[in-house]
Amino acid sequence: MPGLATMSLDNMYCTRCGDGFEPNEKIVNSNGELWHTNCFVCAQCFRMFPDGVFYEFEGRKYCEQDFQVLFAPCCAKCGEFVIGRVIKAMNSNWHPACFRCEECNVELADAGFIKHAGRALCHVCNARIKADGLQNYMCHKCHGVIDGEPLRYRGEVYHGYHFTCATCGVELDHTAREVKNRPGYAANDVNNLFCLRCHDKMGIPICGACRRPIEERIVTALGKHWHVEHFVCAKCEKPFHGHRHYEKKGLAYCEQHYHQLFGNLCYVCNQVIAGDVFTALNKAWCVHHFACSVCDAPLSTRSKFYEYDERPACRRCYEKFPAELRRRLRRAHHYTVRR
Amino acid sequence: MSHQPPVSCIPNTGKMSKAKKVIEEAKEINNPEIDLVDKGISSLEEIPGLFSLENITRLSLSHNKISVVPAALANLSNLEILNLANNNIQELPVSLSSLPKLRILNVSLNKLYNLPRGFGSFPVLEILDLTYNNLNEKVLPGNFFIMDSLRALYLGDNDFEFLPPEIGNLKNLQILSMRENDLIEVPRELGQLARLRELHLQGNRLVVLPPEIGTLDLASNKSVLRLEGNFWVPPIEDQLKLGPSHVLDYLRSETYKVLYSRHMSAKPPPPPQTVDKSKKASRAA
Ligand SMILES: [Zn+2]
Ligand SMILES: [Zn+2]
Ligand SMILES: [Zn+2]
Ligand SMILES: [Zn+2]
Ligand SMILES: [Zn+2]
Ligand SMILES: [Zn+2]
Ligand SMILES: [Zn+2]
Ligand SMILES: [Zn+2]
């Protein structure tokens, strides 16, 4: 490096550690930046660059291995790194040659593709599969293909136009409601199909969860009707089955999750807090359970306490901590306050 | 341990008689909560009548000089809270694990190098505090992770390099502190702890986190996620500067899943141990 010899060592500093250089010390010069040989290392593995080859990304230098591991995309077909042109499609990265039609295997990178039922298809295959109508329903009565939503009746699918409403006689579509039983009617009178309007007038309640009629036990809560098994805790989705539920912002919760989410189980006794609540450090306590976590001495709102793993420690306990632990806690405290 | 001359308790006789007084008072008024904090106690056997207080629910013995926990302590079958913080304990008797009502056990700030076989059989333990001892993954007894009643597990200031994947069995865990251990890796199974809302991983040797951590509810205003003082890969470190919730968002991304799986298959050497633990008070004999 002939250029370096003419510069004074006094104003030369290592880009990484900022220290100067010893006379006769070997210096790495990379694009005008100077480094101790020990400091010119991969930002990830801290080792020297094999054969001096490094990759730079966002101001940091990486060895080839780590650069690939950290930043090079990986082909979803063959699992190899993609260097060069990357095809981003179907939520993955691909080599151009690896991204192919899942029906006919033609390359899609330049021809374009269509996403069909979770698969990448070329235009030709997509058109054929659509025409085949494989994904459509077949009417149980006329065996023709049903375009769009079918009408469901006694476990089969039909064109809506084969049926009329049992009350008003209007031709039906997929929104028709099947009624299986109804208080005050014999079984033969029911199992009929009704248009939505007539169904609603029959006063059969609709479940707030599944939007289907409720023909057996009914729960009324949150201003709606529910199938017993569909009235569930908004968090764990277990049915209440008559157990007490707690409401918050239009949703219902079981006791455990209501308190877990909104409040107030005591950290010590794990019971719902009746009466006054102490809250601190993302936790809650009954008044008589708010205590130092190291010695169990009661604390009050006026007590000074130290945070210790997000729990309170009284001054006496803090002072009895090993000095080296106190030092670390102080440092950690500074760190969180600064943020 | 047993080489201590018996005269060692003589300077403490003043304090010992105070302990005796506490016990007598407790018997008189039938007080179920016994405070024997900072009473200079070096042996529980020196406290007359202690093991016959079968009705007590809390026993607080913090800041004493106890080195041996007698098995007979398990006679106190109504104990719900047992606090042995800051003593000289090197070993625990397995009998403690049979205490039928024990909900909170604090053995922090002691000198434990291991736990007894069968330690995990506590029937209803909710909070276990083993902070500031000399424990690591190799000395955990086989049944440690059957304690699925645990709400909080404090293992900060110990010597763990790995966290066993069985941690995923502790379905009720809401708080896990691994602060300032030597952790090199945490298992994917941590992501199974759906109720976790406090996770302390600060001051370890971690480089990546399993993407599953991103699915945990650790970003709400009631949650705590501490990650500082590790050796994070640059993209995690950059998100951490913005806040822990940004890290969680990033962990859920497709980019990160790829980075993580590649990191795990490349297995780079772990970062160096940075904390000098020789000065820990738990080390001194
Ligand atoms: Zn490297
Ligand atoms: Zn490929
Ligand atoms: Zn038809
Ligand atoms: Zn009608
Ligand atoms: Zn329903
Ligand atoms: Zn629930
Ligand atoms: Zn309480
Ligand atoms: Zn205290």
# chains A, B, ... in the order shown; residues from 1 in each chain; ligands from 1

$ select_by_dssp --residues "range 10-75 of chain B" --states "strand (DSSP E or B)" --output "list in words"
Glu33, Ile34, Asp35, Arg58, Leu59, Ser60 and Val68 of chain B

$ residues_near_ligand --ligand "ligand 8" --cutoff "10 Å" --atoms "only C-alpha atoms and all ligand atoms" --output "ChimeraX atom specification"
/A:291-299,305-306,312-320 /B:37,62-63,85

$ residues_around --residues "Asp173 in chain A" --least-positions-apart "4" --cutoff "8 Å" --atoms "only C-alpha atoms" --output "PyMOL selection string"
chain A and resi 150-151+159-161

$ write_last_selection --atoms "N, CA and C atoms" --output "PDB file, in the first residue's frame"
ATOM      1  N   PRO A 150     -74.859 -23.215  -3.957  1.00  0.00           N
ATOM      2  CA  PRO A 150     -76.015 -24.124  -4.080  1.00  0.00           C
ATOM      3  C   PRO A 150     -77.025 -23.887  -2.966  1.00  0.00           C
ATOM      4  N   LEU A 151     -78.220 -24.377  -3.165  1.00  0.00           N
ATOM      5  CA  LEU A 151     -79.188 -24.428  -2.078  1.00  0.00           C
ATOM      6  C   LEU A 151     -78.993 -25.769  -1.364  1.00  0.00           C
ATOM      7  N   HIS A 159     -79.934 -26.759  -7.452  1.00  0.00           N
ATOM      8  CA  HIS A 159     -80.248 -25.437  -7.979  1.00  0.00           C
ATOM      9  C   HIS A 159     -81.393 -24.891  -7.141  1.00  0.00           C
ATOM     10  N   GLY A 160     -81.324 -23.581  -6.760  1.00  0.00           N
ATOM     11  CA  GLY A 160     -82.422 -22.995  -5.991  1.00  0.00           C
ATOM     12  C   GLY A 160     -83.749 -23.070  -6.733  1.00  0.00           C
ATOM     13  N   TYR A 161     -83.730 -22.945  -8.091  1.00  0.00           N
ATOM     14  CA  TYR A 161     -84.991 -22.799  -8.835  1.00  0.00           C
ATOM     15  C   TYR A 161     -85.840 -24.056  -8.888  1.00  0.00           C
TER      16      TYR A 161
END

$ residues_near_ligand --ligand "ligand 5" --cutoff "8 Å" --atoms "only C-alpha atoms and all ligand atoms" --output "PyMOL selection string"
chain A and resi 206-214+226-231

$ interface_residues --of "chain A" --to "chain B" --cutoff "9 Å" --atoms "only C-alpha atoms" --output "ChimeraX atom specification"
/A:43-45,65-66,68-74,91-92,260-261,268-270,281-283,293-297,309-310,317,320-325,335,339

$ write_last_selection --atoms "C-alpha atoms" --output "mmCIF file, in the first residue's frame"
data_model
loop_
_atom_site.group_PDB
_atom_site.id
_atom_site.type_symbol
_atom_site.label_atom_id
_atom_site.label_comp_id
_atom_site.auth_asym_id
_atom_site.auth_seq_id
_atom_site.Cartn_x
_atom_site.Cartn_y
_atom_site.Cartn_z
ATOM 1 C CA ALA A 43 -20.200 -8.484 11.437
ATOM 2 C CA GLN A 44 -21.934 -11.748 12.208
ATOM 3 C CA CYS A 45 -19.280 -14.344 13.041
ATOM 4 C CA GLN A 65 -21.541 -17.759 4.255
ATOM 5 C CA ASP A 66 -23.243 -15.385 6.681
ATOM 6 C CA GLN A 68 -26.220 -15.809 2.274
ATOM 7 C CA VAL A 69 -27.653 -17.082 5.534
ATOM 8 C CA LEU A 70 -28.880 -13.641 6.544
ATOM 9 C CA PHE A 71 -29.936 -11.935 3.370
ATOM 10 C CA ALA A 72 -29.975 -14.062 0.227
ATOM 11 C CA PRO A 73 -33.424 -15.483 -0.539
ATOM 12 C CA CYS A 74 -33.891 -19.205 -0.756
ATOM 13 C CA ASN A 91 -45.479 -15.788 -0.912
ATOM 14 C CA SER A 92 -42.073 -17.293 -1.745
ATOM 15 C CA GLN A 260 -56.460 -12.521 32.691
ATOM 16 C CA LEU A 261 -57.188 -9.941 30.013
ATOM 17 C CA VAL A 268 -49.941 -13.758 45.240
ATOM 18 C CA CYS A 269 -53.264 -15.546 45.793
ATOM 19 C CA ASN A 270 -54.357 -15.733 42.103
ATOM 20 C CA LEU A 281 -45.181 -3.538 37.454
ATOM 21 C CA ASN A 282 -47.958 -4.913 35.194
ATOM 22 C CA LYS A 283 -49.435 -6.832 38.096
ATOM 23 C CA SER A 293 -41.239 -10.432 46.955
ATOM 24 C CA VAL A 294 -38.021 -11.225 48.823
ATOM 25 C CA CYS A 295 -39.061 -10.997 52.510
ATOM 26 C CA ASP A 296 -42.918 -10.879 52.353
ATOM 27 C CA ALA A 297 -42.994 -7.636 54.382
ATOM 28 C CA ASP A 309 -37.633 -8.965 37.698
ATOM 29 C CA GLU A 310 -40.811 -6.860 37.533
ATOM 30 C CA CYS A 317 -34.002 -6.420 50.956
ATOM 31 C CA LYS A 320 -29.075 -6.939 51.512
ATOM 32 C CA PHE A 321 -28.623 -7.980 47.881
ATOM 33 C CA PRO A 322 -25.028 -8.889 46.932
ATOM 34 C CA ALA A 323 -23.236 -5.712 45.845
ATOM 35 C CA GLU A 324 -22.533 -7.088 42.380
ATOM 36 C CA LEU A 325 -26.253 -7.838 41.845
ATOM 37 C CA TYR A 335 -31.054 1.213 30.522
ATOM 38 C CA ARG A 339 -35.396 4.112 26.446
#

$ select_by_dssp --residues "range 24-239 of chain B" --states "helix (DSSP H, G or I)" --output "VMD selection string"
chain B and resid 24 to 29 44 to 46 50 to 52 71 to 75 94 to 98 119 to 121 137 to 139 144 to 146 165 to 169 188 to 192 211 to 215 234 to 239

$ write_last_selection --atoms "N, CA and C atoms" --output "compact mmCIF listing (two decimals), in the first residue's frame"
# COMPACT_ATOMS: atom_id res chain seq x y z
N GLU B 24 -43.53 -18.41 70.05
CA GLU B 24 -44.45 -18.49 71.20
C GLU B 24 -45.66 -17.60 71.00
N GLU B 25 -45.38 -16.38 70.49
CA GLU B 25 -46.51 -15.46 70.22
C GLU B 25 -47.46 -16.06 69.19
N ALA B 26 -46.87 -16.63 68.14
CA ALA B 26 -47.69 -17.20 67.07
C ALA B 26 -48.59 -18.30 67.62
N LYS B 27 -48.02 -19.11 68.56
CA LYS B 27 -48.82 -20.20 69.15
C LYS B 27 -49.98 -19.63 69.96
N GLU B 28 -49.66 -18.59 70.75
CA GLU B 28 -50.68 -18.01 71.61
C GLU B 28 -51.87 -17.49 70.83
N ILE B 29 -51.58 -16.66 69.81
CA ILE B 29 -52.69 -16.03 69.08
C ILE B 29 -53.08 -16.83 67.85
N LEU B 44 -32.58 -24.44 61.52
CA LEU B 44 -34.00 -24.43 61.89
C LEU B 44 -34.28 -25.30 63.10
N GLU B 45 -33.39 -26.30 63.32
CA GLU B 45 -33.59 -27.16 64.49
C GLU B 45 -33.41 -26.39 65.80
N GLU B 46 -32.73 -25.24 65.72
CA GLU B 46 -32.53 -24.46 66.95
C GLU B 46 -33.79 -23.71 67.37
N LEU B 50 -40.90 -25.14 66.17
CA LEU B 50 -41.23 -24.70 64.80
C LEU B 50 -41.97 -25.78 64.01
N PHE B 51 -41.45 -27.02 64.09
CA PHE B 51 -42.02 -28.08 63.24
C PHE B 51 -43.38 -28.57 63.73
N SER B 52 -43.79 -28.08 64.90
CA SER B 52 -45.11 -28.52 65.38
C SER B 52 -46.20 -27.50 65.05
N ALA B 71 -35.59 -32.09 56.42
CA ALA B 71 -36.72 -32.74 55.76
C ALA B 71 -38.01 -32.55 56.55
N ALA B 72 -37.86 -32.40 57.89
CA ALA B 72 -39.04 -32.28 58.75
C ALA B 72 -39.84 -31.01 58.47
N LEU B 73 -39.27 -30.07 57.72
CA LEU B 73 -40.03 -28.87 57.37
C LEU B 73 -41.33 -29.25 56.64
N ALA B 74 -41.30 -30.41 55.97
CA ALA B 74 -42.48 -30.86 55.23
C ALA B 74 -43.61 -31.30 56.15
N ASN B 75 -43.36 -31.32 57.49
CA ASN B 75 -44.46 -31.61 58.43
C ASN B 75 -45.48 -30.47 58.44
N VAL B 94 -36.02 -33.46 49.27
CA VAL B 94 -37.09 -33.76 48.31
C VAL B 94 -38.45 -33.71 49.01
N SER B 95 -38.44 -33.83 50.35
CA SER B 95 -39.71 -33.83 51.08
C SER B 95 -40.52 -32.56 50.81
N LEU B 96 -39.83 -31.43 50.53
CA LEU B 96 -40.56 -30.18 50.27
C LEU B 96 -41.59 -30.36 49.15
N SER B 97 -41.20 -31.16 48.14
CA SER B 97 -42.06 -31.32 46.96
C SER B 97 -43.38 -32.01 47.28
N SER B 98 -43.48 -32.59 48.49
CA SER B 98 -44.74 -33.25 48.82
C SER B 98 -45.67 -32.34 49.61
N PHE B 119 -37.84 -33.40 42.36
CA PHE B 119 -38.20 -32.05 42.81
C PHE B 119 -39.51 -31.57 42.19
N GLY B 120 -39.82 -31.99 40.97
CA GLY B 120 -40.98 -31.45 40.25
C GLY B 120 -42.34 -31.94 40.71
N SER B 121 -42.42 -32.71 41.80
CA SER B 121 -43.71 -33.32 42.12
C SER B 121 -44.62 -32.44 42.98
N GLU B 137 -29.17 -26.32 32.92
CA GLU B 137 -30.09 -27.31 32.37
C GLU B 137 -29.69 -28.74 32.72
N LYS B 138 -28.41 -28.97 33.01
CA LYS B 138 -27.96 -30.33 33.26
C LYS B 138 -28.35 -30.83 34.65
N VAL B 139 -28.65 -29.93 35.55
CA VAL B 139 -28.95 -30.37 36.92
C VAL B 139 -30.46 -30.34 37.22
N PHE B 144 -38.89 -32.01 36.30
CA PHE B 144 -39.03 -30.57 36.56
C PHE B 144 -40.20 -29.95 35.79
N PHE B 145 -40.36 -30.36 34.53
CA PHE B 145 -41.34 -29.69 33.69
C PHE B 145 -42.72 -30.35 33.73
N ILE B 146 -42.97 -31.18 34.76
CA ILE B 146 -44.35 -31.64 34.94
C ILE B 146 -45.13 -30.68 35.84
N PRO B 165 -36.63 -28.15 25.81
CA PRO B 165 -37.89 -27.97 25.06
C PRO B 165 -39.12 -28.32 25.87
N GLU B 166 -38.94 -29.12 26.94
CA GLU B 166 -40.08 -29.48 27.78
C GLU B 166 -40.70 -28.26 28.45
N ILE B 167 -40.04 -27.10 28.38
CA ILE B 167 -40.63 -25.87 28.92
C ILE B 167 -42.04 -25.68 28.35
N GLY B 168 -42.25 -26.21 27.11
CA GLY B 168 -43.56 -26.09 26.47
C GLY B 168 -44.67 -26.81 27.22
N ASN B 169 -44.32 -27.69 28.17
CA ASN B 169 -45.35 -28.39 28.96
C ASN B 169 -45.97 -27.49 30.02
N ARG B 188 -38.10 -23.68 20.23
CA ARG B 188 -39.35 -23.30 19.57
C ARG B 188 -40.55 -23.50 20.49
N GLU B 189 -40.44 -24.50 21.39
CA GLU B 189 -41.56 -24.86 22.25
C GLU B 189 -42.01 -23.71 23.15
N LEU B 190 -41.14 -22.72 23.33
CA LEU B 190 -41.53 -21.54 24.09
C LEU B 190 -42.80 -20.93 23.50
N GLY B 191 -42.94 -21.08 22.17
CA GLY B 191 -44.11 -20.53 21.49
C GLY B 191 -45.41 -21.22 21.87
N GLN B 192 -45.33 -22.36 22.58
CA GLN B 192 -46.55 -23.07 23.01
C GLN B 192 -47.12 -22.47 24.28
N PRO B 211 -39.13 -18.23 15.48
CA PRO B 211 -40.24 -17.40 14.96
C PRO B 211 -41.51 -17.56 15.79
N GLU B 212 -41.67 -18.72 16.43
CA GLU B 212 -42.88 -18.99 17.23
C GLU B 212 -43.07 -17.97 18.35
N ILE B 213 -41.98 -17.36 18.82
CA ILE B 213 -42.11 -16.35 19.88
C ILE B 213 -43.00 -15.21 19.39
N GLY B 214 -42.98 -14.97 18.05
CA GLY B 214 -43.77 -13.89 17.49
C GLY B 214 -45.26 -14.09 17.66
N THR B 215 -45.71 -15.33 17.93
CA THR B 215 -47.14 -15.58 18.08
C THR B 215 -47.61 -15.34 19.51
N PRO B 234 -28.24 -8.55 13.14
CA PRO B 234 -28.54 -7.13 12.91
C PRO B 234 -30.02 -6.80 12.71
N PRO B 235 -30.79 -7.60 11.92
CA PRO B 235 -32.19 -7.18 11.76
C PRO B 235 -32.99 -7.19 13.07
N ILE B 236 -32.70 -8.14 13.98
CA ILE B 236 -33.41 -8.14 15.27
C ILE B 236 -32.95 -6.94 16.10
N GLU B 237 -31.64 -6.72 16.11
CA GLU B 237 -31.10 -5.60 16.88
C GLU B 237 -31.73 -4.28 16.40
N ASP B 238 -31.89 -4.15 15.08
CA ASP B 238 -32.47 -2.92 14.54
C ASP B 238 -33.92 -2.75 15.00
N GLN B 239 -34.70 -3.85 14.99
CA GLN B 239 -36.09 -3.77 15.43
C GLN B 239 -36.16 -3.48 16.93

$ residues_near_ligand --ligand "ligand 4" --cutoff "7 Å" --atoms "only C-alpha atoms and all ligand atoms" --output "count of residues only"
11

$ closest_residue --among "A:Lys235, A:Arg328, A:His289, A:Lys304" --to "ligand 6" --atoms "only C-alpha atoms and all ligand atoms"
A:Lys235

$ residues_near_ligand --ligand "ligand 7" --cutoff "12 Å" --atoms "only C-alpha atoms and all ligand atoms" --output "tab-separated table (two decimals) with all heavy atoms, in the first residue's frame"
chain	number	residue	atom	x	y	z
A	264	ASN	N	-57.90	-8.41	37.01
A	264	ASN	CA	-57.49	-8.22	38.37
A	264	ASN	C	-57.42	-9.51	39.15
A	264	ASN	O	-58.20	-9.74	40.03
A	264	ASN	CB	-58.37	-7.20	39.03
A	264	ASN	CG	-58.08	-5.82	38.44
A	264	ASN	OD1	-56.94	-5.55	38.07
A	264	ASN	ND2	-59.06	-5.00	38.33
A	265	LEU	N	-56.49	-10.38	38.78
A	265	LEU	CA	-56.18	-11.52	39.63
A	265	LEU	C	-54.96	-11.12	40.45
A	265	LEU	O	-54.02	-10.56	39.93
A	265	LEU	CB	-55.83	-12.76	38.80
A	265	LEU	CG	-56.97	-13.46	38.06
A	265	LEU	CD1	-56.44	-14.68	37.31
A	265	LEU	CD2	-58.06	-13.87	39.02
A	266	CYS	N	-55.00	-11.42	41.76
A	266	CYS	CA	-53.89	-11.05	42.64
A	266	CYS	C	-52.67	-11.91	42.30
A	266	CYS	O	-52.78	-13.12	42.13
A	266	CYS	CB	-54.31	-11.26	44.09
A	266	CYS	SG	-52.96	-11.14	45.27
A	267	TYR	N	-51.51	-11.27	42.21
A	267	TYR	CA	-50.27	-11.98	41.88
A	267	TYR	C	-49.95	-13.06	42.92
A	267	TYR	O	-49.44	-14.12	42.58
A	267	TYR	CB	-49.11	-10.97	41.82
A	267	TYR	CG	-47.75	-11.61	41.64
A	267	TYR	CD1	-47.40	-12.20	40.44
A	267	TYR	CD2	-46.83	-11.62	42.69
A	267	TYR	CE1	-46.15	-12.79	40.27
A	267	TYR	CE2	-45.58	-12.21	42.53
A	267	TYR	CZ	-45.25	-12.79	41.32
A	267	TYR	OH	-44.02	-13.38	41.15
A	268	VAL	N	-50.29	-12.80	44.18
A	268	VAL	CA	-49.94	-13.76	45.24
A	268	VAL	C	-50.98	-14.87	45.36
A	268	VAL	O	-50.64	-16.05	45.30
A	268	VAL	CB	-49.76	-13.03	46.59
A	268	VAL	CG1	-49.63	-14.03	47.74
A	268	VAL	CG2	-48.53	-12.13	46.53
A	269	CYS	N	-52.27	-14.51	45.50
A	269	CYS	CA	-53.26	-15.55	45.79
A	269	CYS	C	-53.97	-16.02	44.52
A	269	CYS	O	-54.70	-17.01	44.57
A	269	CYS	CB	-54.28	-15.07	46.83
A	269	CYS	SG	-55.29	-13.69	46.27
A	270	ASN	N	-53.78	-15.33	43.39
A	270	ASN	CA	-54.36	-15.73	42.10
A	270	ASN	C	-55.88	-15.75	42.15
A	270	ASN	O	-56.52	-16.43	41.37
A	270	ASN	CB	-53.83	-17.11	41.68
A	270	ASN	CG	-53.90	-17.30	40.17
A	270	ASN	OD1	-53.84	-16.34	39.41
A	270	ASN	ND2	-54.06	-18.54	39.74
A	271	GLN	N	-56.47	-14.98	43.09
A	271	GLN	CA	-57.93	-14.90	43.18
A	271	GLN	C	-58.39	-13.55	42.62
A	271	GLN	O	-57.62	-12.60	42.59
A	271	GLN	CB	-58.38	-14.99	44.64
A	271	GLN	CG	-57.93	-16.25	45.37
A	271	GLN	CD	-58.53	-17.51	44.76
A	271	GLN	OE1	-59.74	-17.58	44.57
A	271	GLN	NE2	-57.68	-18.47	44.44
A	272	VAL	N	-59.65	-13.52	42.20
A	272	VAL	CA	-60.22	-12.25	41.77
A	272	VAL	C	-60.18	-11.29	42.94
A	272	VAL	O	-60.52	-11.65	44.07
A	272	VAL	CB	-61.69	-12.46	41.32
A	272	VAL	CG1	-62.32	-11.13	40.96
A	272	VAL	CG2	-61.73	-13.41	40.16
A	273	ILE	N	-59.71	-10.07	42.69
A	273	ILE	CA	-59.50	-9.13	43.79
A	273	ILE	C	-60.82	-8.45	44.13
A	273	ILE	O	-61.39	-7.74	43.31
A	273	ILE	CB	-58.43	-8.09	43.42
A	273	ILE	CG1	-57.11	-8.80	43.14
A	273	ILE	CG2	-58.28	-7.09	44.55
A	273	ILE	CD1	-56.04	-7.90	42.58
A	274	ALA	N	-61.30	-8.72	45.36
A	274	ALA	CA	-62.48	-8.02	45.83
A	274	ALA	C	-61.98	-6.82	46.61
A	274	ALA	O	-61.06	-6.94	47.41
A	274	ALA	CB	-63.29	-8.95	46.73
A	275	GLY	N	-62.54	-5.66	46.40
A	275	GLY	CA	-62.10	-4.49	47.14
A	275	GLY	C	-60.96	-3.79	46.44
A	275	GLY	O	-60.78	-3.92	45.24
A	276	ASP	N	-60.17	-3.07	47.24
A	276	ASP	CA	-59.12	-2.23	46.65
A	276	ASP	C	-58.05	-3.06	45.97
A	276	ASP	O	-57.75	-4.17	46.39
A	276	ASP	CB	-58.47	-1.36	47.74
A	276	ASP	CG	-59.43	-0.27	48.18
A	276	ASP	OD1	-60.39	-0.01	47.43
A	276	ASP	OD2	-59.24	0.30	49.27
A	277	VAL	N	-57.49	-2.47	44.94
A	277	VAL	CA	-56.47	-3.16	44.13
A	277	VAL	C	-55.20	-2.33	44.14
A	277	VAL	O	-55.24	-1.11	43.97
A	277	VAL	CB	-56.96	-3.28	42.67
A	277	VAL	CG1	-55.92	-3.99	41.82
A	277	VAL	CG2	-58.28	-3.99	42.59
A	278	PHE	N	-54.07	-2.98	44.36
A	278	PHE	CA	-52.78	-2.34	44.13
A	278	PHE	C	-52.30	-2.75	42.76
A	278	PHE	O	-52.22	-3.95	42.46
A	278	PHE	CB	-51.74	-2.80	45.15
A	278	PHE	CG	-51.74	-1.99	46.40
A	278	PHE	CD1	-51.71	-2.61	47.65
A	278	PHE	CD2	-51.74	-0.61	46.36
A	278	PHE	CE1	-51.70	-1.87	48.81
A	278	PHE	CE2	-51.73	0.14	47.52
A	278	PHE	CZ	-51.72	-0.49	48.74
A	279	THR	N	-51.95	-1.80	41.91
A	279	THR	CA	-51.36	-2.20	40.64
A	279	THR	C	-49.99	-1.57	40.50
A	279	THR	O	-49.78	-0.40	40.84
A	279	THR	CB	-52.22	-1.79	39.44
A	279	THR	OG1	-52.50	-0.40	39.56
A	279	THR	CG2	-53.50	-2.56	39.36
A	283	LYS	N	-48.80	-5.81	37.27
A	283	LYS	CA	-49.43	-6.83	38.10
A	283	LYS	C	-50.44	-6.17	39.02
A	283	LYS	O	-50.47	-4.94	39.15
A	283	LYS	CB	-48.39	-7.58	38.93
A	283	LYS	CG	-47.39	-8.34	38.09
A	283	LYS	CD	-46.36	-9.03	38.95
A	283	LYS	CE	-45.39	-9.80	38.08
A	283	LYS	NZ	-44.64	-8.90	37.16
A	284	ALA	N	-51.28	-7.00	39.67
A	284	ALA	CA	-52.25	-6.49	40.62
A	284	ALA	C	-52.16	-7.31	41.90
A	284	ALA	O	-51.75	-8.47	41.88
A	284	ALA	CB	-53.65	-6.57	40.03
A	285	TRP	N	-52.50	-6.69	43.00
A	285	TRP	CA	-52.46	-7.37	44.29
A	285	TRP	C	-53.70	-6.99	45.10
A	285	TRP	O	-54.19	-5.86	45.00
A	285	TRP	CB	-51.24	-6.91	45.11
A	285	TRP	CG	-49.93	-7.47	44.72
A	285	TRP	CD1	-49.31	-8.56	45.23
A	285	TRP	CD2	-49.02	-6.93	43.74
A	285	TRP	NE1	-48.08	-8.74	44.62
A	285	TRP	CE2	-47.87	-7.76	43.70
A	285	TRP	CE3	-49.06	-5.83	42.87
A	285	TRP	CZ2	-46.79	-7.52	42.86
A	285	TRP	CZ3	-47.99	-5.60	42.03
A	285	TRP	CH2	-46.86	-6.44	42.03
A	286	CYS	N	-54.20	-7.93	45.95
A	286	CYS	CA	-55.11	-7.56	47.01
A	286	CYS	C	-54.33	-6.66	47.97
A	286	CYS	O	-53.12	-6.79	48.09
A	286	CYS	CB	-55.58	-8.74	47.86
A	286	CYS	SG	-55.95	-10.26	47.04
A	287	VAL	N	-55.05	-5.80	48.67
A	287	VAL	CA	-54.37	-4.87	49.58
A	287	VAL	C	-53.47	-5.63	50.56
A	287	VAL	O	-52.32	-5.27	50.77
A	287	VAL	CB	-55.41	-4.03	50.34
A	287	VAL	CG1	-54.74	-3.23	51.45
A	287	VAL	CG2	-56.13	-3.10	49.37
A	288	HIS	N	-53.97	-6.72	51.12
A	288	HIS	CA	-53.19	-7.42	52.15
A	288	HIS	C	-52.17	-8.39	51.55
A	288	HIS	O	-51.45	-9.04	52.28
A	288	HIS	CB	-54.11	-8.13	53.15
A	288	HIS	CG	-54.95	-9.19	52.51
A	288	HIS	ND1	-56.06	-8.88	51.76
A	288	HIS	CD2	-54.84	-10.53	52.49
A	288	HIS	CE1	-56.59	-9.99	51.30
A	288	HIS	NE2	-55.88	-11.01	51.73
A	289	HIS	N	-52.11	-8.49	50.22
A	289	HIS	CA	-51.09	-9.35	49.62
A	289	HIS	C	-49.97	-8.57	48.95
A	289	HIS	O	-49.04	-9.16	48.39
A	289	HIS	CB	-51.73	-10.32	48.60
A	289	HIS	CG	-52.34	-11.51	49.25
A	289	HIS	ND1	-53.43	-12.15	48.77
A	289	HIS	CD2	-51.98	-12.18	50.38
A	289	HIS	CE1	-53.75	-13.16	49.57
A	289	HIS	NE2	-52.88	-13.20	50.54
A	290	PHE	N	-50.09	-7.23	48.94
A	290	PHE	CA	-49.04	-6.43	48.31
A	290	PHE	C	-47.85	-6.39	49.25
A	290	PHE	O	-47.89	-5.75	50.30
A	290	PHE	CB	-49.57	-5.02	48.03
A	290	PHE	CG	-48.61	-4.17	47.24
A	290	PHE	CD1	-48.07	-4.64	46.05
A	290	PHE	CD2	-48.26	-2.91	47.68
A	290	PHE	CE1	-47.19	-3.86	45.31
A	290	PHE	CE2	-47.39	-2.12	46.94
A	290	PHE	CZ	-46.85	-2.60	45.76
A	291	ALA	N	-46.79	-7.13	48.89
A	291	ALA	CA	-45.68	-7.32	49.82
A	291	ALA	C	-44.38	-7.43	49.04
A	291	ALA	O	-44.37	-7.68	47.84
A	291	ALA	CB	-45.90	-8.58	50.65

$ closest_atom_pairs --of "chain A" --to "ligand 2" --cutoff "8 Å" --atoms "only C-alpha atoms and all ligand atoms" --output "CSV"
residue,atom,partner,partner_atom_place_in_ligand_line,distance
A:Cys74,CA,ligand 2,1 (Zn),7.8
A:Cys75,CA,ligand 2,1 (Zn),4.6
A:Ala76,CA,ligand 2,1 (Zn),6.7
A:Lys77,CA,ligand 2,1 (Zn),5.2
A:Cys78,CA,ligand 2,1 (Zn),4.3
A:Gly79,CA,ligand 2,1 (Zn),6.3
A:Glu80,CA,ligand 2,1 (Zn),5.9
A:Phe81,CA,ligand 2,1 (Zn),7.7
A:Val82,CA,ligand 2,1 (Zn),7.1
A:Trp94,CA,ligand 2,1 (Zn),5.5
A:His95,CA,ligand 2,1 (Zn),4.3
A:Pro96,CA,ligand 2,1 (Zn),7.4
A:Ala97,CA,ligand 2,1 (Zn),6.7
A:Cys98,CA,ligand 2,1 (Zn),4.6
A:Phe99,CA,ligand 2,1 (Zn),7.6

$ residues_near_ligand --ligand "ligand 3" --cutoff "8 Å" --atoms "only C-alpha atoms and all ligand atoms" --output "ChimeraX atom specification"
/A:138-146,158-162
